[in-house]
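Pasted below: coords-v2.cif, mmCIF, C-alpha atoms.
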```cif
data_upload
loop_
_atom_site.label_atom_id
_atom_site.label_comp_id
_atom_site.auth_asym_id
_atom_site.auth_seq_id
_atom_site.Cartn_x
_atom_site.Cartn_y
_atom_site.Cartn_z
CA MET A 1 196.49 -80.05 -46.91
CA ASN A 2 199.91 -81.67 -46.78
CA PRO A 3 202.11 -79.90 -49.35
CA VAL A 4 204.27 -82.99 -49.89
CA PHE A 5 201.40 -85.21 -50.97
CA ALA A 6 198.86 -82.70 -52.32
CA GLY A 7 200.36 -82.46 -55.79
CA LEU A 8 201.11 -86.12 -56.26
CA PRO A 9 199.15 -88.06 -58.89
CA THR A 10 197.44 -91.38 -58.27
CA THR A 11 200.10 -94.07 -58.53
CA ILE A 12 200.63 -95.68 -61.91
CA PHE A 13 199.78 -99.03 -60.33
CA GLU A 14 196.33 -97.90 -59.27
CA GLU A 15 195.81 -96.04 -62.55
CA MET A 16 196.58 -99.09 -64.70
CA SER A 17 194.56 -101.43 -62.46
CA MET A 18 191.62 -99.05 -62.70
CA ARG A 19 191.89 -99.00 -66.49
CA ALA A 20 192.08 -102.78 -66.51
CA ARG A 21 188.88 -102.99 -64.44
CA GLU A 22 187.11 -100.46 -66.66
CA THR A 23 188.07 -102.19 -69.91
CA GLY A 24 188.15 -105.82 -68.79
CA ALA A 25 191.83 -105.98 -69.74
CA ILE A 26 194.20 -108.66 -68.48
CA ASN A 27 196.10 -107.01 -65.65
CA LEU A 28 199.83 -107.67 -65.87
CA GLY A 29 200.45 -104.26 -64.31
CA GLN A 30 200.03 -104.20 -60.54
CA GLY A 31 202.17 -106.84 -58.86
CA PHE A 32 199.81 -109.25 -57.18
CA PRO A 33 199.38 -113.00 -57.81
CA ASP A 34 196.26 -114.75 -59.01
CA ALA A 35 196.67 -117.49 -56.39
CA GLU A 36 195.20 -117.11 -52.91
CA GLY A 37 198.36 -118.00 -51.01
CA PRO A 38 199.16 -121.14 -49.01
CA GLU A 39 196.04 -122.65 -47.48
CA ASP A 40 197.69 -123.65 -44.21
CA VAL A 41 198.88 -120.09 -43.57
CA ARG A 42 195.40 -118.72 -44.32
CA GLN A 43 193.87 -121.37 -42.06
CA ALA A 44 196.23 -120.34 -39.27
CA ALA A 45 194.97 -116.76 -39.61
CA ALA A 46 191.33 -117.89 -39.50
CA GLU A 47 191.92 -120.01 -36.42
CA ALA A 48 193.75 -117.16 -34.70
CA VAL A 49 190.69 -114.93 -35.15
CA MET A 50 188.43 -117.46 -33.45
CA SER A 51 190.73 -118.73 -30.71
CA GLY A 52 193.34 -116.03 -30.27
CA ASN A 53 193.56 -112.52 -28.88
CA ASN A 54 191.84 -109.90 -31.04
CA GLN A 55 192.77 -106.89 -28.93
CA TYR A 56 195.80 -104.64 -29.34
CA PRO A 57 198.98 -106.70 -29.63
CA PRO A 58 202.32 -105.29 -28.48
CA MET A 59 203.31 -102.23 -30.49
CA ARG A 60 206.54 -103.80 -31.77
CA GLY A 61 204.75 -107.00 -32.79
CA LEU A 62 203.76 -110.31 -31.23
CA PRO A 63 206.73 -111.93 -29.49
CA GLU A 64 206.01 -115.14 -31.41
CA LEU A 65 206.36 -113.32 -34.73
CA ARG A 66 209.49 -111.43 -33.77
CA GLY A 67 210.99 -114.72 -32.64
CA ALA A 68 209.92 -116.41 -35.87
CA ILE A 69 211.52 -113.62 -37.91
CA ALA A 70 214.82 -114.15 -36.09
CA GLU A 71 214.69 -117.94 -36.55
CA HIS A 72 213.73 -117.59 -40.22
CA TYR A 73 216.68 -115.38 -41.11
CA ALA A 74 219.07 -117.53 -39.11
CA ALA A 75 217.96 -120.52 -41.17
CA HIS A 76 217.68 -118.88 -44.59
CA GLN A 77 220.27 -116.09 -44.60
CA GLN A 78 222.61 -116.97 -41.73
CA LEU A 79 221.77 -113.72 -39.98
CA ALA A 80 221.88 -113.57 -36.18
CA ILE A 81 218.99 -111.34 -35.14
CA ASP A 82 217.62 -110.56 -31.68
CA GLY A 83 213.89 -110.64 -32.43
CA GLU A 84 212.95 -108.89 -29.20
CA ARG A 85 215.33 -105.96 -29.57
CA GLU A 86 215.96 -105.72 -33.31
CA ALA A 87 212.64 -106.51 -35.06
CA VAL A 88 209.69 -104.13 -35.47
CA VAL A 89 206.53 -105.56 -37.05
CA THR A 90 204.68 -103.08 -39.26
CA SER A 91 201.50 -102.91 -41.32
CA GLY A 92 203.23 -103.81 -44.55
CA ALA A 93 206.70 -103.11 -45.89
CA THR A 94 205.73 -99.63 -47.10
CA GLU A 95 204.96 -98.70 -43.51
CA ALA A 96 208.32 -100.14 -42.48
CA ILE A 97 209.97 -97.93 -45.10
CA ALA A 98 207.96 -94.92 -43.91
CA ALA A 99 208.78 -95.52 -40.24
CA SER A 100 212.47 -95.99 -41.06
CA ILE A 101 212.70 -92.80 -43.09
CA LEU A 102 210.67 -90.72 -40.64
CA ALA A 103 212.75 -92.02 -37.74
CA LEU A 104 216.21 -91.67 -39.25
CA VAL A 105 216.01 -88.68 -41.62
CA THR A 106 215.92 -85.19 -40.16
CA PRO A 107 215.16 -81.89 -41.92
CA GLY A 108 217.92 -80.99 -44.36
CA ASP A 109 219.37 -84.48 -44.56
CA GLU A 110 220.06 -85.73 -48.05
CA VAL A 111 219.04 -89.27 -49.00
CA ILE A 112 220.31 -91.10 -52.06
CA ILE A 113 217.63 -92.90 -54.07
CA VAL A 114 218.62 -95.17 -56.94
CA GLN A 115 216.36 -94.80 -59.97
CA PRO A 116 214.24 -96.50 -61.17
CA ALA A 117 212.74 -96.56 -57.69
CA TYR A 118 209.56 -97.59 -55.93
CA ASP A 119 207.41 -94.48 -55.98
CA ALA A 120 206.97 -94.17 -52.21
CA TYR A 121 210.62 -93.46 -51.39
CA ALA A 122 210.99 -89.84 -52.48
CA PRO A 123 207.68 -88.54 -51.04
CA LEU A 124 208.52 -90.13 -47.70
CA VAL A 125 211.98 -88.55 -47.67
CA ARG A 126 210.41 -85.18 -48.36
CA GLN A 127 207.77 -85.72 -45.67
CA ALA A 128 210.62 -86.24 -43.19
CA GLY A 129 212.12 -82.92 -44.30
CA GLY A 130 214.88 -84.64 -46.24
CA VAL A 131 216.15 -83.97 -49.74
CA PRO A 132 216.20 -86.84 -52.25
CA ARG A 133 219.35 -87.09 -54.36
CA PHE A 134 218.72 -89.31 -57.35
CA VAL A 135 221.19 -91.72 -58.95
CA THR A 136 219.99 -93.06 -62.30
CA THR A 137 220.85 -96.53 -63.59
CA ARG A 138 220.29 -97.63 -67.18
CA PRO A 139 219.29 -100.80 -69.01
CA PRO A 140 220.13 -103.47 -69.81
CA ASP A 141 222.16 -104.22 -66.65
CA TRP A 142 221.02 -101.33 -64.40
CA SER A 143 224.44 -101.33 -62.68
CA ILE A 144 225.30 -99.19 -59.65
CA THR A 145 228.82 -97.81 -60.01
CA ALA A 146 231.15 -95.54 -58.07
CA ASP A 147 230.98 -92.98 -60.88
CA LEU A 148 227.19 -92.82 -60.52
CA LEU A 149 227.20 -92.53 -56.74
CA ALA A 150 230.08 -90.09 -56.18
CA PRO A 151 228.33 -86.91 -57.47
CA ALA A 152 225.30 -87.59 -55.24
CA ILE A 153 227.27 -87.66 -51.98
CA THR A 154 227.76 -84.47 -49.99
CA ASP A 155 228.53 -83.62 -46.39
CA ARG A 156 224.75 -83.58 -45.79
CA THR A 157 224.12 -87.11 -47.04
CA ARG A 158 222.51 -89.16 -44.27
CA ALA A 159 221.23 -92.35 -45.87
CA ILE A 160 220.78 -94.38 -49.02
CA VAL A 161 217.62 -96.28 -49.91
CA LEU A 162 218.33 -99.55 -51.69
CA ASN A 163 216.02 -102.15 -53.19
CA SER A 164 217.38 -105.61 -53.98
CA PRO A 165 215.98 -107.75 -55.46
CA HIS A 166 214.80 -104.76 -57.42
CA ASN A 167 211.39 -103.60 -58.55
CA PRO A 168 210.89 -102.89 -61.45
CA THR A 169 214.09 -104.17 -63.08
CA ALA A 170 214.14 -107.67 -61.48
CA LYS A 171 217.88 -107.21 -60.86
CA MET A 172 219.84 -108.36 -57.81
CA LEU A 173 222.88 -106.54 -56.45
CA ASP A 174 226.02 -108.48 -57.27
CA SER A 175 229.00 -108.93 -54.96
CA GLU A 176 230.89 -105.97 -56.43
CA GLU A 177 227.92 -103.66 -55.98
CA ARG A 178 227.38 -104.81 -52.40
CA ALA A 179 231.06 -104.23 -51.62
CA LEU A 180 230.95 -100.78 -53.23
CA LEU A 181 227.82 -99.76 -51.33
CA ALA A 182 229.19 -101.01 -48.02
CA ASP A 183 232.44 -99.13 -48.59
CA ILE A 184 230.58 -95.90 -49.38
CA CYS A 185 228.31 -96.23 -46.34
CA LEU A 186 231.29 -96.77 -44.06
CA LYS A 187 233.39 -94.01 -45.61
CA HIS A 188 230.60 -91.41 -45.43
CA ASP A 189 228.85 -92.64 -42.26
CA LEU A 190 225.59 -93.46 -44.06
CA ILE A 191 222.62 -95.57 -43.01
CA ALA A 192 221.41 -98.08 -45.61
CA ILE A 193 217.64 -98.53 -45.68
CA CYS A 194 217.32 -101.82 -47.57
CA ASP A 195 213.98 -102.77 -49.09
CA GLU A 196 214.41 -106.54 -49.42
CA VAL A 197 210.79 -107.61 -49.81
CA TRP A 198 211.58 -109.83 -52.81
CA GLU A 199 214.31 -111.73 -50.96
CA HIS A 200 212.62 -115.15 -51.41
CA LEU A 201 211.55 -114.54 -55.03
CA VAL A 202 214.93 -115.28 -56.62
CA PHE A 203 215.53 -117.67 -59.51
CA ASP A 204 218.02 -119.82 -61.37
CA GLY A 205 219.63 -121.16 -58.21
CA ALA A 206 220.62 -117.72 -56.92
CA ALA A 207 220.48 -116.74 -53.25
CA HIS A 208 219.70 -113.33 -51.80
CA ARG A 209 222.38 -111.74 -49.67
CA SER A 210 221.53 -108.73 -47.56
CA LEU A 211 223.78 -105.68 -47.39
CA MET A 212 223.49 -106.21 -43.63
CA THR A 213 225.89 -109.17 -43.99
CA MET A 214 228.72 -107.05 -45.38
CA PRO A 215 231.63 -106.16 -43.04
CA GLY A 216 230.83 -103.09 -40.97
CA MET A 217 227.19 -102.88 -42.09
CA ARG A 218 225.43 -104.69 -39.25
CA GLU A 219 225.06 -101.54 -37.14
CA ARG A 220 224.06 -99.20 -39.99
CA THR A 221 221.59 -101.26 -42.05
CA VAL A 222 217.82 -101.42 -41.84
CA LYS A 223 216.54 -104.63 -43.42
CA ILE A 224 212.89 -104.53 -44.52
CA GLY A 225 210.82 -107.63 -45.29
CA SER A 226 207.28 -108.50 -46.31
CA ALA A 227 205.09 -111.49 -45.51
CA GLY A 228 202.85 -110.41 -48.37
CA LYS A 229 205.62 -111.12 -50.87
CA ILE A 230 206.93 -114.26 -49.15
CA PHE A 231 203.50 -115.93 -48.99
CA SER A 232 201.78 -114.32 -52.02
CA LEU A 233 199.33 -112.61 -49.64
CA THR A 234 199.78 -109.01 -50.70
CA GLY A 235 196.56 -107.83 -49.06
CA TRP A 236 197.66 -108.85 -45.59
CA LYS A 237 200.08 -105.93 -45.22
CA VAL A 238 202.38 -107.52 -42.65
CA GLY A 239 205.98 -106.36 -42.84
CA TRP A 240 208.94 -105.72 -40.60
CA ALA A 241 212.07 -103.65 -40.12
CA ILE A 242 215.19 -105.23 -38.65
CA ALA A 243 218.05 -103.12 -37.34
CA ALA A 244 220.53 -102.79 -34.50
CA PRO A 245 218.76 -101.71 -31.28
CA PRO A 246 219.45 -97.95 -31.50
CA LEU A 247 217.99 -97.83 -35.02
CA ALA A 248 215.16 -100.26 -34.23
CA ASP A 249 214.15 -98.22 -31.17
CA ALA A 250 213.87 -95.07 -33.28
CA ILE A 251 211.89 -96.91 -35.97
CA ALA A 252 209.50 -98.29 -33.34
CA LYS A 253 208.83 -94.77 -32.05
CA ALA A 254 207.85 -93.64 -35.55
CA HIS A 255 205.79 -96.80 -36.10
CA GLN A 256 203.72 -96.18 -32.97
CA PHE A 257 202.40 -92.94 -34.48
CA LEU A 258 201.72 -94.41 -37.93
CA THR A 259 199.71 -97.61 -37.51
CA PHE A 260 200.76 -98.45 -33.91
CA THR A 261 200.27 -102.16 -34.54
CA THR A 262 199.15 -104.84 -36.98
CA ALA A 263 196.26 -107.35 -36.93
CA PRO A 264 197.22 -110.03 -34.38
CA ASN A 265 195.69 -112.96 -36.24
CA LEU A 266 197.76 -112.14 -39.32
CA GLN A 267 200.87 -111.85 -37.19
CA SER A 268 200.21 -115.29 -35.70
CA ALA A 269 199.71 -116.78 -39.15
CA VAL A 270 202.90 -115.20 -40.49
CA ALA A 271 204.83 -116.57 -37.51
CA TYR A 272 203.53 -120.01 -38.42
CA GLY A 273 204.39 -119.49 -42.11
CA LEU A 274 207.96 -118.35 -41.49
CA GLY A 275 208.58 -121.66 -39.77
CA LYS A 276 207.47 -123.72 -42.77
CA ASP A 277 209.83 -126.33 -44.13
CA ARG A 278 212.48 -125.16 -46.60
CA ASP A 279 210.71 -127.24 -49.27
CA TYR A 280 207.85 -124.72 -49.31
CA PHE A 281 210.15 -121.87 -50.26
CA THR A 282 211.96 -123.96 -52.86
CA ALA A 283 208.68 -125.00 -54.49
CA MET A 284 207.33 -121.46 -54.37
CA ARG A 285 210.36 -120.14 -56.23
CA ALA A 286 210.19 -122.93 -58.77
CA GLY A 287 206.55 -122.15 -59.50
CA TYR A 288 207.23 -118.48 -60.15
CA GLN A 289 210.31 -119.28 -62.22
CA ARG A 290 208.19 -121.56 -64.39
CA SER A 291 205.67 -118.72 -64.88
CA ARG A 292 208.50 -116.32 -65.73
CA ASP A 293 209.86 -118.69 -68.33
CA ARG A 294 206.42 -119.38 -69.79
CA LEU A 295 205.67 -115.70 -70.35
CA ALA A 296 209.19 -114.85 -71.53
CA SER A 297 209.12 -117.68 -74.07
CA ALA A 298 205.71 -116.70 -75.41
CA LEU A 299 206.69 -113.04 -75.68
CA GLY A 300 209.93 -113.96 -77.41
CA ASP A 301 207.97 -116.03 -79.92
CA GLY A 302 205.81 -112.96 -80.48
CA GLY A 303 208.82 -110.81 -81.41
CA PHE A 304 209.43 -109.05 -78.11
CA ALA A 305 212.90 -108.42 -76.68
CA ILE A 306 212.95 -109.43 -73.01
CA LEU A 307 215.39 -108.11 -70.42
CA PRO A 308 216.82 -110.51 -67.80
CA SER A 309 214.62 -111.25 -64.76
CA ALA A 310 216.67 -112.60 -61.86
CA ALA A 311 213.99 -112.13 -59.18
CA THR A 312 210.57 -110.65 -58.23
CA TYR A 313 207.23 -111.18 -60.05
CA PHE A 314 208.34 -109.07 -63.01
CA LEU A 315 209.99 -109.11 -66.39
CA SER A 316 210.55 -106.21 -68.75
CA VAL A 317 210.13 -105.64 -72.47
CA ASP A 318 212.55 -103.42 -74.38
CA LEU A 319 210.29 -101.53 -76.80
CA PRO A 320 212.84 -100.26 -79.36
CA ALA A 321 214.53 -103.66 -79.51
CA SER A 322 211.06 -105.12 -80.11
CA GLY A 323 210.51 -102.81 -83.08
CA ILE A 324 208.08 -100.51 -81.25
CA ALA A 325 208.78 -96.82 -81.88
CA MET A 326 206.82 -95.16 -79.08
CA ASP A 327 207.57 -94.30 -75.49
CA ASP A 328 206.54 -96.61 -72.67
CA ARG A 329 203.59 -94.62 -71.36
CA VAL A 330 202.02 -94.13 -74.80
CA PHE A 331 202.50 -97.84 -75.49
CA ALA A 332 200.98 -98.82 -72.13
CA MET A 333 197.93 -96.62 -72.62
CA ARG A 334 197.33 -97.86 -76.15
CA LEU A 335 197.90 -101.44 -75.08
CA VAL A 336 195.26 -101.41 -72.34
CA ALA A 337 192.74 -99.57 -74.53
CA GLU A 338 193.29 -101.35 -77.84
CA ALA A 339 194.66 -104.78 -76.95
CA GLY A 340 193.22 -105.43 -73.50
CA VAL A 341 196.46 -105.88 -71.53
CA ALA A 342 197.62 -103.63 -68.69
CA VAL A 343 201.37 -103.17 -68.13
CA ILE A 344 203.45 -100.61 -66.25
CA PRO A 345 205.65 -98.01 -68.00
CA VAL A 346 209.02 -98.07 -66.23
CA SER A 347 209.34 -94.28 -66.65
CA ALA A 348 206.84 -94.05 -63.75
CA PHE A 349 209.68 -95.18 -61.45
CA PHE A 350 211.74 -92.06 -62.20
CA GLU A 351 211.45 -88.48 -60.95
CA SER A 352 213.97 -87.12 -63.45
CA ASP A 353 215.77 -88.17 -66.63
CA PRO A 354 213.57 -91.24 -67.08
CA VAL A 355 214.15 -94.31 -69.16
CA THR A 356 211.14 -94.30 -71.50
CA SER A 357 211.79 -97.44 -73.51
CA ILE A 358 210.82 -100.24 -71.08
CA VAL A 359 207.52 -101.67 -69.83
CA ARG A 360 207.13 -104.02 -66.85
CA LEU A 361 204.88 -107.08 -66.82
CA CYS A 362 203.83 -109.20 -63.82
CA PHE A 363 204.04 -112.95 -64.42
CA ALA A 364 202.51 -114.04 -61.10
CA LYS A 365 199.42 -115.24 -62.94
CA ALA A 366 197.76 -118.49 -63.98
CA ASP A 367 199.00 -120.18 -67.15
CA ASP A 368 195.86 -119.41 -69.13
CA VAL A 369 196.08 -115.74 -68.18
CA LEU A 370 199.73 -115.53 -69.25
CA ASP A 371 199.00 -117.33 -72.51
CA ALA A 372 196.06 -115.06 -73.35
CA ALA A 373 198.07 -111.95 -72.49
CA ALA A 374 201.00 -113.08 -74.65
CA GLU A 375 198.68 -113.70 -77.58
CA ARG A 376 197.14 -110.23 -77.23
CA LEU A 377 200.58 -108.67 -76.92
CA ALA A 378 201.78 -110.40 -80.09
CA ASP A 379 198.75 -109.08 -81.95
CA ALA A 380 199.37 -105.60 -80.53
CA ARG A 381 202.99 -105.63 -81.63
CA THR A 382 201.89 -106.36 -85.17
CA MET A 383 199.29 -103.59 -84.97
CA LEU A 384 201.52 -101.00 -83.34
CA THR A 385 204.77 -101.44 -85.30
#
```
Could you spell out this file's structure in structure tokens?
Amino acid sequence: MNPVFAGLPTTIFEEMSMRARETGAINLGQGFPDAEGPEDVRQAAAEAVMSGNNQYPPMRGLPELRGAIAEHYAAHQQLAIDGEREAVVTSGATEAIAASILALVTPGDEVIIVQPAYDAYAPLVRQAGGVPRFVTTRPPDWSITADLLAPAITDRTRAIVLNSPHNPTAKMLDSEERALLADICLKHDLIAICDEVWEHLVFDGAAHRSLMTMPGMRERTVKIGSAGKIFSLTGWKVGWAIAAPPLADAIAKAHQFLTFTTAPNLQSAVAYGLGKDRDYFTAMRAGYQRSRDRLASALGDGGFAILPSAATYFLSVDLPASGIAMDDRVFAMRLVAEAGVAVIPVSAFFESDPVTSIVRLCFAKADDVLDAAAERLADARTMLT
């Protein structure tokens, strides 16, 4: 039995989804949309099954997809990428994260993880023989500062794992934070493993900018993306890691012993989707922004204090500011059992010194689902305060 994973609990996402299924609750916990994703992209996948190659594709991904990834980022983020040499297609972004960590972290290396953090990062660092060093940010702005980072850096620090746009806080790194992180990586010779899966889910006219674009960072950044997030097809599990050739080669070698490759019909469909007109991406963002605003408005009318949501599928409720005097996990468990709504306690994204006053809600749902959930939440607030 693997000692790294043996003692880990079932993830909070699976736990809350299971409780939602058992109780018939509205599931605003796990981050998946109600919609089925763009029909033309799904049709491309279906056609590729019937008319395309269904045998092993190249380990690093179909050439057409790696080329489409390069063209997509050139068009949308002004990044010059060599798809053949710098892109590795993986079975989802979590596998891209795993391959990157396993390839680039050696036993004894220390890796900085900014909390709250996606719950896969630390176990994967430990599986590679590394040592997580946690930096804890706090609401309401969740800022990364030099004072927070400095104590975590030692002569054994090898890498930093960053997530922007950020799950669960829905925050994006600002220009000062990007400059600070680039400066630290250059000064201490660190690799930045950048989980950027929410890069297209940004709102209010904002644009995502990768740490890879900062001066000096092109050769020391791994940029991770997800077709599941871009096209609202979370079950497809098609992701990628982009890095300079020496890093990409190492990541590919780890990838070959994890999943080796990814379903070729899905790769073909994603290649088609990445080439869609810019209007698709604009409309997609506008639709999610409308859902965000609908849920935030309804929750505000119900007496809840909402934290800013600049990106992702998520917004957060500040429990004390909403008049709720219980910690996030107790509130979440009572809410699913007594009010029929599943949410995620943000404390689940911490390994130490957690913030216990915030719950995360997914707004990637149909209007009637959001409205019903907001009504139940308003009733629960009255009952629980």
- Message: Here is a test: counting only C-alpha atoms, which residue of A:Ala25, A:Ala269, A:Val197, A:Leu299 is nearest to Gly225 of chain A?
- Response: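 Using only C-alpha atoms, the shortest distance to Gly225 of chain A belongs to A:Val197.
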- For the structure provided, state which residues fall under the PyMOL selection byres ((chain A and resi 161) around 9), and present them as a ChimeraX atom specification. /A:111-114,121,159-160,162-163,191-195
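Omitting Thr282 of chain A and its sequence neighbours fewer than 5 positions away, and counting only C-alpha atoms, the residues within 12 Å are A:His76, A:His200, A:Leu201, A:Val202, A:Phe203, A:Asp204, A:Gly205, A:Ala206, A:Ala207, A:Ile230, A:Lys276, A:Asp277, A:Gly287, A:Tyr288, A:Gln289.
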- Message: Give me, as JSON, numbers by chain, all polymer residues having an atom no more than 10 Å from Glu14 of chain A, counting only C-alpha atoms and skipping those fewer than 5 positions away in the same chain.
- Response: {"A": [19, 20, 29, 30]}
- Query: Nearest to Gly340 of chain A among A:Asp367, A:Asp119, A:Asp82, A:Glu375, with distances taken over only C-alpha atoms: which residue is it?
  - Reply: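 Among the listed residues, the smallest separation from Gly340 of chain A belongs to A:Glu375.
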- Query: Which of these, A:Met214, A:Val270, A:Ala378, A:Pro264, has the shortest distance to Phe231 of chain A once you count only C-alpha atoms?
  - Reply: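 Closest to Phe231 of chain A, using only C-alpha atoms: A:Val270.
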- Find the residue from A:Leu211, A:Val88, A:Ala93, A:Ala337 that sits nearest to Ser175 of chain A; use all atoms listed in the file when measuring. A:Leu211
- Quote the spacing between atom CA of Ala241 of chain A and atom CA of Thr221 of chain A in Å to one decimal place. 10.0 Å
- Task: Could you check which of A:Met59, A:Ile12, A:Ala244, A:Leu370 is closest to Pro345 of chain A, using all atoms listed in the file?
- Result: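 Among A:Met59, A:Ile12, A:Ala244, A:Leu370, it is A:Ile12 that comes nearest to Pro345 of chain A.
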- Note on the structure: note - atom CA of Ala103 of chain A and atom CA of Gly67 of chain A are separated by 23.3 Å
- Query: How many Å separate atom CA of Val355 of chain A from atom CA of Ala310 of chain A?
  - Reply: 19.9 Å
- Translate the PyMOL selection byres ((chain A and resi 173) around 10), as applied to the file shown, into an explicit residue set as JSON, numbers by chain. {"A": [142, 143, 144, 162, 163, 164, 165, 166, 171, 172, 174, 175, 176, 177, 178, 179, 181, 208, 209, 210, 211]}
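Closest approach to Arg133 of chain A among A:Ser100, A:Ser347, A:Gln115, A:Gln267: A:Gln115, based on all atoms listed in the file.
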Using the chain letters and numbers from the file, which residues does the PyMOL selection byres ((chain A and resi 245-252) around 6) grab, as a PDB file with C-alpha atoms, keeping the file's coordinate frame?
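Listing of part-v6.pdb after writing:
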```pdb
ATOM      1  CA  ARG A  85     215.330-105.960 -29.570  1.00  0.00           C
ATOM      2  CA  GLU A  86     215.960-105.720 -33.310  1.00  0.00           C
ATOM      3  CA  ALA A  99     208.780 -95.520 -40.240  1.00  0.00           C
ATOM      4  CA  SER A 100     212.470 -95.990 -41.060  1.00  0.00           C
ATOM      5  CA  ALA A 103     212.750 -92.020 -37.740  1.00  0.00           C
ATOM      6  CA  ALA A 243     218.050-103.120 -37.340  1.00  0.00           C
ATOM      7  CA  ALA A 244     220.530-102.790 -34.500  1.00  0.00           C
ATOM      8  CA  LYS A 253     208.830 -94.770 -32.050  1.00  0.00           C
ATOM      9  CA  ALA A 254     207.850 -93.640 -35.550  1.00  0.00           C
ATOM     10  CA  HIS A 255     205.790 -96.800 -36.100  1.00  0.00           C
TER      11      HIS A 255
END
```
List every protein, DNA or RNA residue with an atom no more than 6 Å from (219.0, -90.3, -41.5) in the file's coordinates, counting only C-alpha atoms, and format the result as an mmCIF file with C-alpha atoms, keeping the file's coordinate frame.
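Below is the file out_24.cif, written as the result:
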```cif
data_model
loop_
_atom_site.group_PDB
_atom_site.id
_atom_site.type_symbol
_atom_site.label_atom_id
_atom_site.label_comp_id
_atom_site.auth_asym_id
_atom_site.auth_seq_id
_atom_site.Cartn_x
_atom_site.Cartn_y
_atom_site.Cartn_z
ATOM 1 C CA LEU A 104 216.210 -91.670 -39.250
ATOM 2 C CA VAL A 105 216.010 -88.680 -41.620
ATOM 3 C CA ARG A 158 222.510 -89.160 -44.270
ATOM 4 C CA ALA A 159 221.230 -92.350 -45.870
#
```
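The neighbours of Glu351 of chain A here are the residues that come within 10 Å of it, using all atoms listed in the file and leaving out any residue fewer than 5 positions away in the same chain; they are Gln115, Pro116, Ala117, Asp119, Ala122, Phe134 and Thr136 of chain A.
Residues lying at most 12 Å from (228.2, -85.2, -49.7) in file coordinates, with only C-alpha atoms considered, are Asp109, Glu110, Val111, Ile112, Arg133, Leu149, Ala150, Pro151, Ala152, Ile153, Thr154, Asp155, Arg156, Thr157, Arg158, Ala159, Ile160, Ile184, Cys185, Lys187, His188, Asp189 and Leu190 of chain A.
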- If we count all atoms listed in the file, what is near Leu28 of chain A at a cut-off of 7 Å, once residues fewer than 6 positions away on the same chain are taken out, given as number ranges by chain? A: 341-343, 361-363
- Message: So that I can see what lies close to segment 33-49 of chain A, please list as number ranges by chain the residues with an atom at most 6 Å from it, counting only C-alpha atoms and leaving out residues fewer than 5 positions away in the same chain.
- Response: A: 231-233, 265-266, 269, 273, 364-365
Could I get segment 373-385 of chain A rebuilt with N, CA and C atoms, written as a short mmCIF file (atom, residue, chain, number, x, y, z; two decimals), keeping the file's coordinate frame?
```cif
data_model
loop_
_atom_site.label_atom_id
_atom_site.label_comp_id
_atom_site.auth_asym_id
_atom_site.auth_seq_id
_atom_site.Cartn_x
_atom_site.Cartn_y
_atom_site.Cartn_z
N ALA A 373 197.41 -113.26 -72.43
CA ALA A 373 198.07 -111.95 -72.49
C ALA A 373 199.15 -111.94 -73.56
N ALA A 374 199.94 -113.02 -73.64
CA ALA A 374 201.00 -113.08 -74.65
C ALA A 374 200.43 -113.04 -76.06
N GLU A 375 199.32 -113.71 -76.26
CA GLU A 375 198.68 -113.70 -77.58
C GLU A 375 198.21 -112.29 -77.94
N ARG A 376 197.60 -111.60 -76.97
CA ARG A 376 197.14 -110.23 -77.23
C ARG A 376 198.33 -109.30 -77.48
N LEU A 377 199.40 -109.50 -76.74
CA LEU A 377 200.58 -108.67 -76.92
C LEU A 377 201.19 -108.88 -78.30
N ALA A 378 201.25 -110.12 -78.75
CA ALA A 378 201.78 -110.40 -80.09
C ALA A 378 200.95 -109.71 -81.15
N ASP A 379 199.63 -109.77 -80.99
CA ASP A 379 198.75 -109.08 -81.95
C ASP A 379 198.97 -107.56 -81.90
N ALA A 380 199.15 -107.04 -80.67
CA ALA A 380 199.37 -105.60 -80.53
C ALA A 380 200.68 -105.17 -81.16
N ARG A 381 201.71 -106.00 -81.02
CA ARG A 381 202.99 -105.63 -81.63
C ARG A 381 202.85 -105.52 -83.14
N THR A 382 202.11 -106.43 -83.74
CA THR A 382 201.89 -106.36 -85.17
C THR A 382 201.11 -105.09 -85.55
N MET A 383 200.14 -104.76 -84.72
CA MET A 383 199.29 -103.59 -84.97
C MET A 383 200.04 -102.28 -84.75
N LEU A 384 200.93 -102.26 -83.76
CA LEU A 384 201.52 -101.00 -83.34
C LEU A 384 202.90 -100.73 -83.95
N THR A 385 203.46 -101.67 -84.69
CA THR A 385 204.77 -101.44 -85.30
C THR A 385 204.62 -101.07 -86.77
#
```
